Amino acid sequence: MNNIKELLGKQLLFFDGGMGTMLQRNGMKGGEIPEFLNLTNTALIKKIHTEYLRAGADIITTNTFGANPLKLSAGSVDMIIETAIEIARDAIADFGGDAAKFVAFDMGPTGRLMEPMGDLSFDTAYEAFRSIAVSAECAGADLAIIETMSDTLEAKAAVLAVKENTSLPVFLTMTLDETQKTLTGADVRVINAMFEGLGVDCLGINCGLGPDRISEMIQKLLKLSSIPVMAQPNAGLPKIEGGKTVYTVTPELFAAESRRMAEAGISVLGGCCGTTPEHIKALIDACRGCKPTVEEKDFTVVASYSEAVYLDDRPIIIGERINPTGKKRFKEALRNNDIDYILNEAFAQRDAGAHILDVNVGLPEIDEPDMMVRTVKALTAAVNLPLQIDSSDPVTIERALRTYNGKPMINSVNGKRECLDAILPIVQKYGGVLVGLCLDEDGIPSRAEDRVRIARRIADEAAKYSIKKRDLVMDALTLTVSAQQRESAETIKALASIRAELGIKTVLGVSNISFGLPRREIVNGTFFALALHNGLDACIINPCAEAMMNTYRAYRALACLDTDCVDYIAAYAGTKSQTTVVRTETVAQDKEPREKLFDIIVKGLRDQSFSETNELLKTRDPMEIINGILVPALNEVGKQFESGRMFLPQLMMSAETVKNAFDAIKEQLKTSGSKQTSKGKLALATVKGDIHDIGKNIVKVLLENYGYDVFDLGKDVSPEEIVKCLKENDIHLLGLSALMTTTVLSMEETIKLIRTEGLDAKVWVGGAVLTQEYADMIGADKYCADALASVRYANDFFGN
């Protein structure tokens with residue numbers, strides 16, 4: 001049999017369509033666990049596979065979307081996987097034919113929220129994915145399809161689990177919503193940067209939306225990606241007719257929309273929810289003759305979980321302040337595990353204009369790998385800028401790269417053989433943009449041409465590890481002009497030569513030039529301008545330094561990189577002879593000062609909120625703090641989230657910060673004998689048959705922080721259990737969640753039972769598969785698209 005890698009990118013390949021849709025068509029009841037049908041109704045699963053094979057599918061997907069030990073009992077998972085792959089293999093064998101057919105082992109999300117937003121650790125997720133990937137390879141799968149991922153960090157855990165423990169090719173599809181972002185804020189630029197760097201074999205988008213909307217995003221992805229791209233759209237959005245879930249996009253319309261993606265050069269097409277063998281046959285007929293296009297792109301890009309930064313014609317700023325060198329207070333913060341101090345440095349640099357943050361936590365007396373991991377996790381949750389992992393220790397670099405949610409810069413490697421051998425394999429494995437230092441066993445060369453020689457050597461060695469020039473940035477090294485005047489002049493020459501001769505981007509730590517001189521800002525600013533004029537791509541500077549930002553903004557205007565001088569005017573309009581870059585802790589005098597606790601919540605400084613609240617409680621009434629600070633701060637966070645200035649990880653960090661503040665208030669009320677007044681009580685549940693509770697848990701956290709008593713019934717909750725809870729606790733407001741289309745019928749059954757029992761209860765619904773129209777069809781009182789909408793509905797219901 002052919003290896004699918006031999007065909008991928010050379011001919012257009014076709015996946016099958018929806019499994020859950022076909023199971024429902026064949027009588028699966030709402031709330032049934034689809035994966036168990038591998039054991040109890042093998043004939044049905046084989047029949048569905050065969051129908052897709054007859055439709056022309058090249059790849060059939062095992063019925064294992066939820067077969068994960070974090071969802072199902074560990075003892076049954078291996079048996080389900082083995083049987084599912086055996087069924088698929090039998091279907092292919094019985095079908096026969098000359099064309100190669102492949103079995104894709106289906107790996108869905110765990111249904112839980114990853115740390116720091118939730119309670120699922122990277123290592124736990126990795127181990128769960130590892131165990132099922134190993135079982136799948138042993139059972140005879142041809143590839144792994146990691147699908148319907150809404151969190152890039154969870155997807156990373158799954159990708160690493162497959163790549164490190166099996167030889168299976170890895171196909172990955174992420175799920176994006178109407179905003180063209182994942183649940184945690186990633187767009188196609190972030191997704192492509194991160195997972196192309198991790199070495200997936202095929203990358204794409206599935207579920208959530210129909211072929212028209214997914215086609216828009218696929219067109220963008222094709223312009224960015226150097227690897228094969230795939231798509232598996234839904235057949236539109238679901239409706240309920242006659243008690244059954246139906247989809248509005250016909251096979252003919254599905255095929256016509258998908259043809260646009262095929263003509264654009266996509267490598268793999270298939271279907272997700274709502275698609276049937278009829279959809280796949282129409283798709284294949286419509287796309288016959290189309291050829292995939294896979295072209296190398298030349299983008300140098302780094303990314304956080306929500307922000308991609310391209311090193312193009314615009315020089316970018318790397319903030320240098322998260323570094324203990326020469327910083328007594330920063331060293332104390334590292335020794336005392338004061339993460340909040342580090343976060344404030346990050347906020348200041350972000351607000352001053354940094355595009356990337358350098359992170360160096362190396363001190364001889366601390367555990368650098370552990371501190372780096374904790375710092376990176378905290379920064380990732382609080383600030384959505386990409387990070388530069390800065391360390392001379394390979395262990396520290398690898399541990400940080402493993403769990404970093406994005407594609408980082410890595411500072412650094414040099415021309416020494418020992419360093420090359422230690423660092424290059426790590427970068428090959430995890431991806432990233434690697435900084436190369438132009439020095440070797442003989443130190444830093446005095447002449448520019450010798451620094452270029454070392455840069456060329458680093459690039460050649462990197463190529464042996466499949467690290468391309470686009471993922472390299474060379475540092476010609478800034479020497480101190482007061483001590484090495486001639487050598488420091490060579491830096492500018494080397495900078496220009498590296499770009500011109502090698503075609504590699506450049507980076508410099510600019511302020512090194514002025515050590516030992518008075519009025520360092522004069523030398524720094526002038527050297528900075530020279531470097532920019534000679535093609536400096538990435539500038540490691542202090543963005544809170546006025547002189548450096550003056551030079552940067554002026555250069556961009558003069559170099560026609562600031563169209564119509566818009567950014568320059570925005571920074572300096574209304575100022576006189578000078579301006580000052582304002583740190584985040586500083587409040588402009590013409591604005592009313594805000595409460596410190598307010599800013600702590602907005603920034604998500606969890607470690608400070610408890611103590612600051614206790615300090616306020618010495619002179620302030622608890623309800624004054626709640627209504628005057630906590631709720632307004634949460635509202636501000638909500639506004640920033642809805643406007644796209646803040647993303648889910650930051651939202652959850654702020655919610656956790658508020659929780660700590662409430663804990664302080666509860667302790668004070670308990671001591672004084674007072675009782676906190678609840679804003680109301682309500683219940684939440686993920687409906688029968690659905691074992692995904694990410695959305696519900698996010699809603700719960702926010703509602704509790706707004707002062708509501710939340711009865712959390714958990715996941716896979718039957719209608720009867722929900723009705724019992726409402727009756728016994730006199731609850732009149734219920735939120736229901738569902739992620740899977742196969743379980744929305746359980747949501748409808750729950751609402752019907754509530755009405756049949758005559759309960760005076762309003763029901764709001766939410767989840768990835770829900771729409772306003774769907775909510776109306778199943779009799780819900782309200783559809784809430786996200787957690788903040790749920791809070792607003794609760795506020796309206798209780799009159800808060």
# chains A, B, ... in the order shown; residues from 1 in each chain; ligands from 1
call {"tool": "residues_around", "arguments": {"residues": "range 536-547 of chain A", "least_positions_apart": "2", "cutoff": "8 Å", "atoms": "only C-alpha atoms", "output": "PyMOL selection string"}}
result
chain A and resi 311-321+348-349+352-354+495+505-511+521-522+525+531-534+549-551+579-583
call {"tool": "write_last_selection", "arguments": {"atoms": "N, CA, C and O atoms", "output": "compact mmCIF listing (two decimals), in the first residue's frame"}}
result
# COMPACT_ATOMS: atom_id res chain seq x y z
N LEU A 311 8.34 39.57 10.47
CA LEU A 311 9.52 40.38 10.24
C LEU A 311 9.59 40.67 8.75
O LEU A 311 10.12 39.87 7.97
N ASP A 312 9.00 41.79 8.36
CA ASP A 312 8.99 42.16 6.95
C ASP A 312 9.70 43.49 6.79
O ASP A 312 10.76 43.68 7.36
N ASP A 313 9.14 44.42 6.05
CA ASP A 313 9.81 45.71 5.86
C ASP A 313 9.72 46.59 7.11
O ASP A 313 10.47 47.56 7.24
N ARG A 314 8.81 46.28 8.00
CA ARG A 314 8.64 47.06 9.22
C ARG A 314 9.59 46.54 10.29
O ARG A 314 9.49 45.39 10.71
N PRO A 315 10.54 47.34 10.76
CA PRO A 315 11.38 46.86 11.87
C PRO A 315 10.52 46.67 13.12
O PRO A 315 9.66 47.50 13.42
N ILE A 316 10.76 45.58 13.82
CA ILE A 316 9.94 45.29 15.00
C ILE A 316 10.78 45.46 16.27
O ILE A 316 12.01 45.32 16.24
N ILE A 317 10.08 45.74 17.36
CA ILE A 317 10.73 46.02 18.64
C ILE A 317 10.60 44.82 19.56
O ILE A 317 9.51 44.31 19.80
N ILE A 318 11.74 44.38 20.09
CA ILE A 318 11.76 43.32 21.10
C ILE A 318 12.10 43.98 22.43
O ILE A 318 13.19 44.53 22.61
N GLY A 319 11.15 43.95 23.35
CA GLY A 319 11.36 44.58 24.65
C GLY A 319 12.40 43.84 25.47
O GLY A 319 12.31 42.62 25.63
N GLU A 320 13.37 44.57 26.02
CA GLU A 320 14.53 43.95 26.68
C GLU A 320 14.44 43.93 28.20
O GLU A 320 15.36 43.46 28.87
N ARG A 321 13.35 44.43 28.78
CA ARG A 321 13.32 44.69 30.22
C ARG A 321 13.15 43.45 31.09
O ARG A 321 13.44 43.51 32.29
N ALA A 348 4.18 47.23 30.82
CA ALA A 348 4.80 48.51 30.49
C ALA A 348 5.37 48.49 29.08
O ALA A 348 5.18 49.43 28.29
N GLN A 349 6.07 47.42 28.73
CA GLN A 349 6.68 47.34 27.40
C GLN A 349 5.62 47.16 26.32
O GLN A 349 5.73 47.74 25.22
N ALA A 352 4.06 50.45 25.70
CA ALA A 352 4.99 51.41 25.10
C ALA A 352 5.28 51.11 23.63
O ALA A 352 5.89 51.93 22.96
N GLY A 353 4.84 49.94 23.14
CA GLY A 353 4.99 49.67 21.72
C GLY A 353 5.78 48.45 21.34
O GLY A 353 6.06 48.23 20.15
N ALA A 354 6.18 47.61 22.30
CA ALA A 354 6.92 46.39 21.96
C ALA A 354 6.05 45.44 21.15
O ALA A 354 4.84 45.34 21.38
N LEU A 495 25.88 43.82 9.53
CA LEU A 495 24.42 43.84 9.47
C LEU A 495 23.95 43.89 8.02
O LEU A 495 23.12 43.08 7.58
N LYS A 505 17.27 37.65 7.95
CA LYS A 505 16.88 38.79 8.77
C LYS A 505 17.91 39.02 9.88
O LYS A 505 18.69 38.12 10.23
N THR A 506 17.89 40.24 10.44
CA THR A 506 18.89 40.62 11.45
C THR A 506 18.25 41.14 12.72
O THR A 506 17.13 41.64 12.72
N VAL A 507 19.02 41.04 13.81
CA VAL A 507 18.60 41.52 15.12
C VAL A 507 19.82 42.07 15.84
O VAL A 507 20.95 41.62 15.62
N LEU A 508 19.61 43.08 16.68
CA LEU A 508 20.70 43.64 17.50
C LEU A 508 20.17 44.05 18.86
O LEU A 508 19.05 44.56 18.99
N GLY A 509 21.01 43.84 19.89
CA GLY A 509 20.78 44.45 21.18
C GLY A 509 21.42 45.84 21.14
O GLY A 509 22.64 45.97 21.32
N VAL A 510 20.63 46.84 20.89
CA VAL A 510 21.14 48.16 20.50
C VAL A 510 21.91 48.86 21.62
O VAL A 510 22.99 49.41 21.40
N SER A 511 21.39 48.81 22.84
CA SER A 511 21.94 49.65 23.90
C SER A 511 23.33 49.22 24.38
O SER A 511 23.98 49.96 25.12
N GLU A 521 21.87 57.82 26.07
CA GLU A 521 20.74 57.85 25.15
C GLU A 521 21.09 58.52 23.82
O GLU A 521 20.51 58.19 22.77
N ILE A 522 22.09 59.43 23.84
CA ILE A 522 22.50 60.09 22.59
C ILE A 522 23.17 59.08 21.66
O ILE A 522 22.86 58.98 20.47
N GLY A 525 20.56 56.31 20.48
CA GLY A 525 19.63 56.77 19.46
C GLY A 525 20.28 56.89 18.09
O GLY A 525 19.70 56.52 17.06
N ALA A 531 21.64 51.66 12.35
CA ALA A 531 21.30 50.25 12.19
C ALA A 531 20.00 50.09 11.40
O ALA A 531 19.91 49.24 10.49
N LEU A 532 19.01 50.89 11.71
CA LEU A 532 17.75 50.83 10.98
C LEU A 532 17.96 51.15 9.50
O LEU A 532 17.41 50.49 8.61
N HIS A 533 18.77 52.17 9.23
CA HIS A 533 19.03 52.57 7.84
C HIS A 533 19.74 51.46 7.07
O HIS A 533 19.58 51.33 5.85
N ASN A 534 20.51 50.64 7.78
CA ASN A 534 21.25 49.55 7.12
C ASN A 534 20.51 48.22 7.17
O ASN A 534 21.11 47.17 6.93
N MET A 549 12.39 55.41 21.30
CA MET A 549 11.11 55.43 20.60
C MET A 549 11.01 56.65 19.68
O MET A 549 10.38 56.58 18.62
N ASN A 550 11.64 57.76 20.08
CA ASN A 550 11.69 58.92 19.18
C ASN A 550 12.37 58.55 17.87
O ASN A 550 11.89 58.85 16.77
N THR A 551 13.52 57.89 17.98
CA THR A 551 14.27 57.47 16.79
C THR A 551 13.46 56.49 15.95
O THR A 551 13.40 56.60 14.72
N THR A 579 8.29 64.37 24.52
CA THR A 579 7.20 63.56 25.05
C THR A 579 7.80 62.44 25.87
O THR A 579 9.00 62.17 25.79
N THR A 580 7.00 61.80 26.65
CA THR A 580 7.47 60.72 27.52
C THR A 580 6.64 59.48 27.27
O THR A 580 5.42 59.56 27.18
N VAL A 581 7.29 58.38 27.12
CA VAL A 581 6.58 57.12 27.02
C VAL A 581 6.06 56.76 28.40
O VAL A 581 6.82 56.66 29.35
N VAL A 582 4.76 56.59 28.50
CA VAL A 582 4.14 56.41 29.81
C VAL A 582 4.09 54.94 30.16
O VAL A 582 3.61 54.11 29.39
N ARG A 583 4.61 54.58 31.32
CA ARG A 583 4.52 53.21 31.80
C ARG A 583 3.10 52.94 32.26
O ARG A 583 2.35 53.84 32.59
call {"tool": "residues_around", "arguments": {"residues": "range 284-293 of chain A", "least_positions_apart": "2", "cutoff": "7 Å", "atoms": "only C-alpha atoms", "output": "ChimeraX atom specification"}}
result
/A:9-12,56,255-256,259,262-263,265-267,280-282,295
call {"tool": "residues_around", "arguments": {"residues": "Lys181 in chain A", "least_positions_apart": "3", "cutoff": "10 Å", "atoms": "only C-alpha atoms", "output": "PyMOL selection string"}}
result
chain A and resi 150+174-178+184-188+190-191+217+306
call {"tool": "select_by_dssp", "arguments": {"residues": "range 19-262 of chain A", "states": "helix (DSSP H, G or I)", "output": "PyMOL selection string"}}
result
chain A and resi 19-25+34-40+42-55+74-95+122-139+152-165+188-198+211-224+251-262
call {"tool": "select_by_dssp", "arguments": {"residues": "range 291-420 of chain A", "states": "strand (DSSP E or B)", "output": "list in words"}}
result
Val301, Val302, Ala303, Ala308, Val309, Tyr310, Ile316, Ile317, Ile318, Gly319, Ile356, Leu357, Asp358, Val359, Leu387, Gln388, Ile389, Asp390, Lys407, Met409, Ile410, Asn411, Ser412, Val413 and Asn414 of chain A
call {"tool": "closest_residue", "arguments": {"among": "A:Pro445, A:Pro34, A:Gly680, A:Gly758", "to": "Asp796 in chain A", "atoms": "only C-alpha atoms"}}
result
A:Gly680
call {"tool": "residues_around", "arguments": {"residues": "Ile625 in chain A", "least_positions_apart": "5", "cutoff": "8 Å", "atoms": "only C-alpha atoms", "output": "MDAnalysis selection string"}}
result
chainID A and resid 616 620 630
call {"tool": "write_last_selection", "arguments": {"atoms": "all heavy atoms", "output": "mmCIF file, in the first residue's frame"}}
result
data_model
loop_
_atom_site.group_PDB
_atom_site.id
_atom_site.type_symbol
_atom_site.label_atom_id
_atom_site.label_comp_id
_atom_site.auth_asym_id
_atom_site.auth_seq_id
_atom_site.Cartn_x
_atom_site.Cartn_y
_atom_site.Cartn_z
ATOM 1 N N LEU A 616 -7.865 47.161 51.513
ATOM 2 C CA LEU A 616 -9.029 48.025 51.328
ATOM 3 C C LEU A 616 -10.094 47.773 52.385
ATOM 4 O O LEU A 616 -10.807 48.692 52.808
ATOM 5 C CB LEU A 616 -9.626 47.808 49.930
ATOM 6 C CG LEU A 616 -8.827 48.356 48.744
ATOM 7 C CD1 LEU A 616 -9.466 47.912 47.435
ATOM 8 C CD2 LEU A 616 -8.759 49.879 48.803
ATOM 9 N N ARG A 620 -12.849 50.156 54.013
ATOM 10 C CA ARG A 620 -13.979 50.201 53.080
ATOM 11 C C ARG A 620 -14.954 49.077 53.367
ATOM 12 O O ARG A 620 -14.571 47.981 53.797
ATOM 13 C CB ARG A 620 -13.483 50.077 51.622
ATOM 14 C CG ARG A 620 -12.376 51.059 51.244
ATOM 15 C CD ARG A 620 -12.903 52.371 50.768
ATOM 16 N NE ARG A 620 -13.307 52.288 49.388
ATOM 17 C CZ ARG A 620 -12.472 52.446 48.352
ATOM 18 N NH1 ARG A 620 -11.182 52.675 48.571
ATOM 19 N NH2 ARG A 620 -12.935 52.405 47.133
ATOM 20 N N LEU A 630 -14.858 45.738 41.958
ATOM 21 C CA LEU A 630 -14.798 44.421 41.331
ATOM 22 C C LEU A 630 -15.690 44.316 40.097
ATOM 23 O O LEU A 630 -15.240 43.904 39.024
ATOM 24 C CB LEU A 630 -15.159 43.332 42.342
ATOM 25 C CG LEU A 630 -14.304 43.248 43.612
ATOM 26 C CD1 LEU A 630 -14.667 41.994 44.410
ATOM 27 C CD2 LEU A 630 -12.828 43.249 43.270
#
call {"tool": "closest_residue", "arguments": {"among": "A:Val435, A:Thr657, A:Asn635, A:Gln668", "to": "Asp621 in chain A", "atoms": "only C-alpha atoms"}}
result
A:Gln668
call {"tool": "closest_residue", "arguments": {"among": "A:Ala633, A:Leu283, A:Ala489, A:Val246", "to": "Val744 in chain A", "atoms": "only C-alpha atoms"}}
result
A:Val246
call {"tool": "closest_residue", "arguments": {"among": "A:Ser225, A:Thr275, A:Thr173, A:Thr325", "to": "Lys156 in chain A", "atoms": "only C-alpha atoms"}}
result
A:Thr173
call {"tool": "closest_residue", "arguments": {"among": "A:Pro649, A:Gly689, A:Gly535, A:Gly779", "to": "Gly118 in chain A", "atoms": "only C-alpha atoms"}}
result
A:Pro649
call {"tool": "closest_residue", "arguments": {"among": "A:Leu634, A:Ile146, A:Ala378, A:Met623", "to": "Leu597 in chain A", "atoms": "only C-alpha atoms"}}
result
A:Leu634
call {"tool": "residues_around", "arguments": {"residues": "Met79 in chain A", "least_positions_apart": "6", "cutoff": "12 Å", "atoms": "only C-alpha atoms", "output": "PyMOL selection string"}}
result
chain A and resi 35-40+64+67-69+72-73+85-86+132+135-136+139
call {"tool": "write_last_selection", "arguments": {"atoms": "N, CA, C and O atoms", "output": "PDB file, in the first residue's frame"}}
result
ATOM      1  N   GLU A  35     -18.925   6.352  20.222  1.00  0.00           N
ATOM      2  CA  GLU A  35     -17.772   5.454  20.180  1.00  0.00           C
ATOM      3  C   GLU A  35     -18.112   4.038  20.636  1.00  0.00           C
ATOM      4  O   GLU A  35     -17.489   3.061  20.185  1.00  0.00           O
ATOM      5  N   PHE A  36     -19.100   3.895  21.514  1.00  0.00           N
ATOM      6  CA  PHE A  36     -19.475   2.553  21.987  1.00  0.00           C
ATOM      7  C   PHE A  36     -20.122   1.713  20.887  1.00  0.00           C
ATOM      8  O   PHE A  36     -20.154   0.482  20.978  1.00  0.00           O
ATOM      9  N   LEU A  37     -20.628   2.389  19.838  1.00  0.00           N
ATOM     10  CA  LEU A  37     -21.246   1.646  18.742  1.00  0.00           C
ATOM     11  C   LEU A  37     -20.222   0.801  17.980  1.00  0.00           C
ATOM     12  O   LEU A  37     -20.599  -0.131  17.271  1.00  0.00           O
ATOM     13  N   ASN A  38     -18.924   1.133  18.114  1.00  0.00           N
ATOM     14  CA  ASN A  38     -17.901   0.271  17.537  1.00  0.00           C
ATOM     15  C   ASN A  38     -17.991  -1.143  18.112  1.00  0.00           C
ATOM     16  O   ASN A  38     -17.688  -2.131  17.422  1.00  0.00           O
ATOM     17  N   LEU A  39     -18.383  -1.231  19.375  1.00  0.00           N
ATOM     18  CA  LEU A  39     -18.445  -2.515  20.068  1.00  0.00           C
ATOM     19  C   LEU A  39     -19.820  -3.156  19.972  1.00  0.00           C
ATOM     20  O   LEU A  39     -19.938  -4.388  19.939  1.00  0.00           O
ATOM     21  N   THR A  40     -20.867  -2.317  19.928  1.00  0.00           N
ATOM     22  CA  THR A  40     -22.226  -2.851  19.995  1.00  0.00           C
ATOM     23  C   THR A  40     -22.918  -2.952  18.645  1.00  0.00           C
ATOM     24  O   THR A  40     -23.922  -3.667  18.518  1.00  0.00           O
ATOM     25  N   THR A  64     -13.811   7.406  16.441  1.00  0.00           N
ATOM     26  CA  THR A  64     -13.076   7.489  17.712  1.00  0.00           C
ATOM     27  C   THR A  64     -12.919   8.931  18.199  1.00  0.00           C
ATOM     28  O   THR A  64     -12.031   9.217  18.994  1.00  0.00           O
ATOM     29  N   ALA A  67     -12.829   8.960  21.843  1.00  0.00           N
ATOM     30  CA  ALA A  67     -12.141   7.824  22.483  1.00  0.00           C
ATOM     31  C   ALA A  67     -10.849   8.299  23.126  1.00  0.00           C
ATOM     32  O   ALA A  67      -9.755   8.133  22.586  1.00  0.00           O
ATOM     33  N   ASN A  68     -10.979   8.885  24.278  1.00  0.00           N
ATOM     34  CA  ASN A  68      -9.844   9.450  25.004  1.00  0.00           C
ATOM     35  C   ASN A  68     -10.029   9.114  26.480  1.00  0.00           C
ATOM     36  O   ASN A  68     -11.145   9.243  27.002  1.00  0.00           O
ATOM     37  N   PRO A  69      -8.978   8.691  27.176  1.00  0.00           N
ATOM     38  CA  PRO A  69      -9.137   8.299  28.582  1.00  0.00           C
ATOM     39  C   PRO A  69      -9.590   9.432  29.489  1.00  0.00           C
ATOM     40  O   PRO A  69     -10.025   9.170  30.611  1.00  0.00           O
ATOM     41  N   LEU A  72     -13.618   8.896  28.409  1.00  0.00           N
ATOM     42  CA  LEU A  72     -14.213   7.580  28.644  1.00  0.00           C
ATOM     43  C   LEU A  72     -13.326   6.785  29.584  1.00  0.00           C
ATOM     44  O   LEU A  72     -12.165   7.124  29.798  1.00  0.00           O
ATOM     45  N   SER A  73     -13.858   5.710  30.125  1.00  0.00           N
ATOM     46  CA  SER A  73     -13.067   4.882  31.029  1.00  0.00           C
ATOM     47  C   SER A  73     -11.866   4.311  30.284  1.00  0.00           C
ATOM     48  O   SER A  73     -11.976   3.845  29.146  1.00  0.00           O
ATOM     49  N   ILE A  85     -10.556   0.678  14.236  1.00  0.00           N
ATOM     50  CA  ILE A  85      -9.604   0.570  13.125  1.00  0.00           C
ATOM     51  C   ILE A  85      -9.811  -0.739  12.365  1.00  0.00           C
ATOM     52  O   ILE A  85      -9.726  -0.780  11.131  1.00  0.00           O
ATOM     53  N   GLU A  86     -10.124  -1.807  13.086  1.00  0.00           N
ATOM     54  CA  GLU A  86     -10.394  -3.088  12.437  1.00  0.00           C
ATOM     55  C   GLU A  86     -11.615  -2.987  11.524  1.00  0.00           C
ATOM     56  O   GLU A  86     -11.623  -3.513  10.399  1.00  0.00           O
ATOM     57  N   ILE A 132      -3.483   7.007  23.239  1.00  0.00           N
ATOM     58  CA  ILE A 132      -4.384   6.604  22.157  1.00  0.00           C
ATOM     59  C   ILE A 132      -3.654   6.571  20.816  1.00  0.00           C
ATOM     60  O   ILE A 132      -3.982   5.755  19.949  1.00  0.00           O
ATOM     61  N   SER A 135      -1.853   3.264  20.642  1.00  0.00           N
ATOM     62  CA  SER A 135      -2.833   2.198  20.383  1.00  0.00           C
ATOM     63  C   SER A 135      -3.268   2.194  18.927  1.00  0.00           C
ATOM     64  O   SER A 135      -3.415   1.135  18.311  1.00  0.00           O
ATOM     65  N   ALA A 136      -3.456   3.389  18.372  1.00  0.00           N
ATOM     66  CA  ALA A 136      -3.917   3.498  16.986  1.00  0.00           C
ATOM     67  C   ALA A 136      -2.882   2.965  16.008  1.00  0.00           C
ATOM     68  O   ALA A 136      -3.215   2.258  15.043  1.00  0.00           O
ATOM     69  N   ALA A 139      -2.776  -0.737  16.120  1.00  0.00           N
ATOM     70  CA  ALA A 139      -3.971  -1.349  15.530  1.00  0.00           C
ATOM     71  C   ALA A 139      -4.004  -1.224  14.015  1.00  0.00           C
ATOM     72  O   ALA A 139      -4.868  -1.827  13.367  1.00  0.00           O
TER      73      ALA A 139
END
call {"tool": "residues_around", "arguments": {"residues": "Glu51 in chain A", "least_positions_apart": "5", "cutoff": "9 Å", "atoms": "only C-alpha atoms", "output": "list in words"}}
result
Lys46, Gly56, Thr276 and Pro277 of chain A
call {"tool": "write_last_selection", "arguments": {"atoms": "all heavy atoms", "output": "mmCIF file, in the first residue's frame"}}
result
data_model
loop_
_atom_site.group_PDB
_atom_site.id
_atom_site.type_symbol
_atom_site.label_atom_id
_atom_site.label_comp_id
_atom_site.auth_asym_id
_atom_site.auth_seq_id
_atom_site.Cartn_x
_atom_site.Cartn_y
_atom_site.Cartn_z
ATOM 1 N N LYS A 46 -19.394 -0.145 9.883
ATOM 2 C CA LYS A 46 -18.815 -0.619 8.618
ATOM 3 C C LYS A 46 -19.662 -0.151 7.437
ATOM 4 O O LYS A 46 -19.132 0.240 6.383
ATOM 5 C CB LYS A 46 -18.709 -2.140 8.634
ATOM 6 C CG LYS A 46 -18.053 -2.701 7.384
ATOM 7 C CD LYS A 46 -17.883 -4.216 7.479
ATOM 8 C CE LYS A 46 -17.247 -4.776 6.211
ATOM 9 N NZ LYS A 46 -17.063 -6.253 6.295
ATOM 10 N N GLY A 56 -16.418 7.714 -3.103
ATOM 11 C CA GLY A 56 -15.135 8.077 -3.685
ATOM 12 C C GLY A 56 -14.090 8.549 -2.708
ATOM 13 O O GLY A 56 -13.003 8.975 -3.118
ATOM 14 N N THR A 276 -22.760 14.071 4.243
ATOM 15 C CA THR A 276 -23.150 12.671 4.033
ATOM 16 C C THR A 276 -22.383 12.121 2.828
ATOM 17 O O THR A 276 -21.673 12.860 2.145
ATOM 18 C CB THR A 276 -24.661 12.596 3.751
ATOM 19 O OG1 THR A 276 -24.910 13.282 2.507
ATOM 20 C CG2 THR A 276 -25.472 13.247 4.870
ATOM 21 N N PRO A 277 -22.542 10.835 2.526
ATOM 22 C CA PRO A 277 -21.925 10.317 1.296
ATOM 23 C C PRO A 277 -22.359 11.085 0.046
ATOM 24 O O PRO A 277 -21.581 11.222 -0.906
ATOM 25 C CB PRO A 277 -22.399 8.860 1.267
ATOM 26 C CG PRO A 277 -22.557 8.501 2.712
ATOM 27 C CD PRO A 277 -23.097 9.740 3.353
#
call {"tool": "residues_around", "arguments": {"residues": "Ala483 in chain A", "least_positions_apart": "5", "cutoff": "12 Å", "atoms": "only C-alpha atoms", "output": "number ranges by chain"}}
result
A: 478, 488-489, 512-517
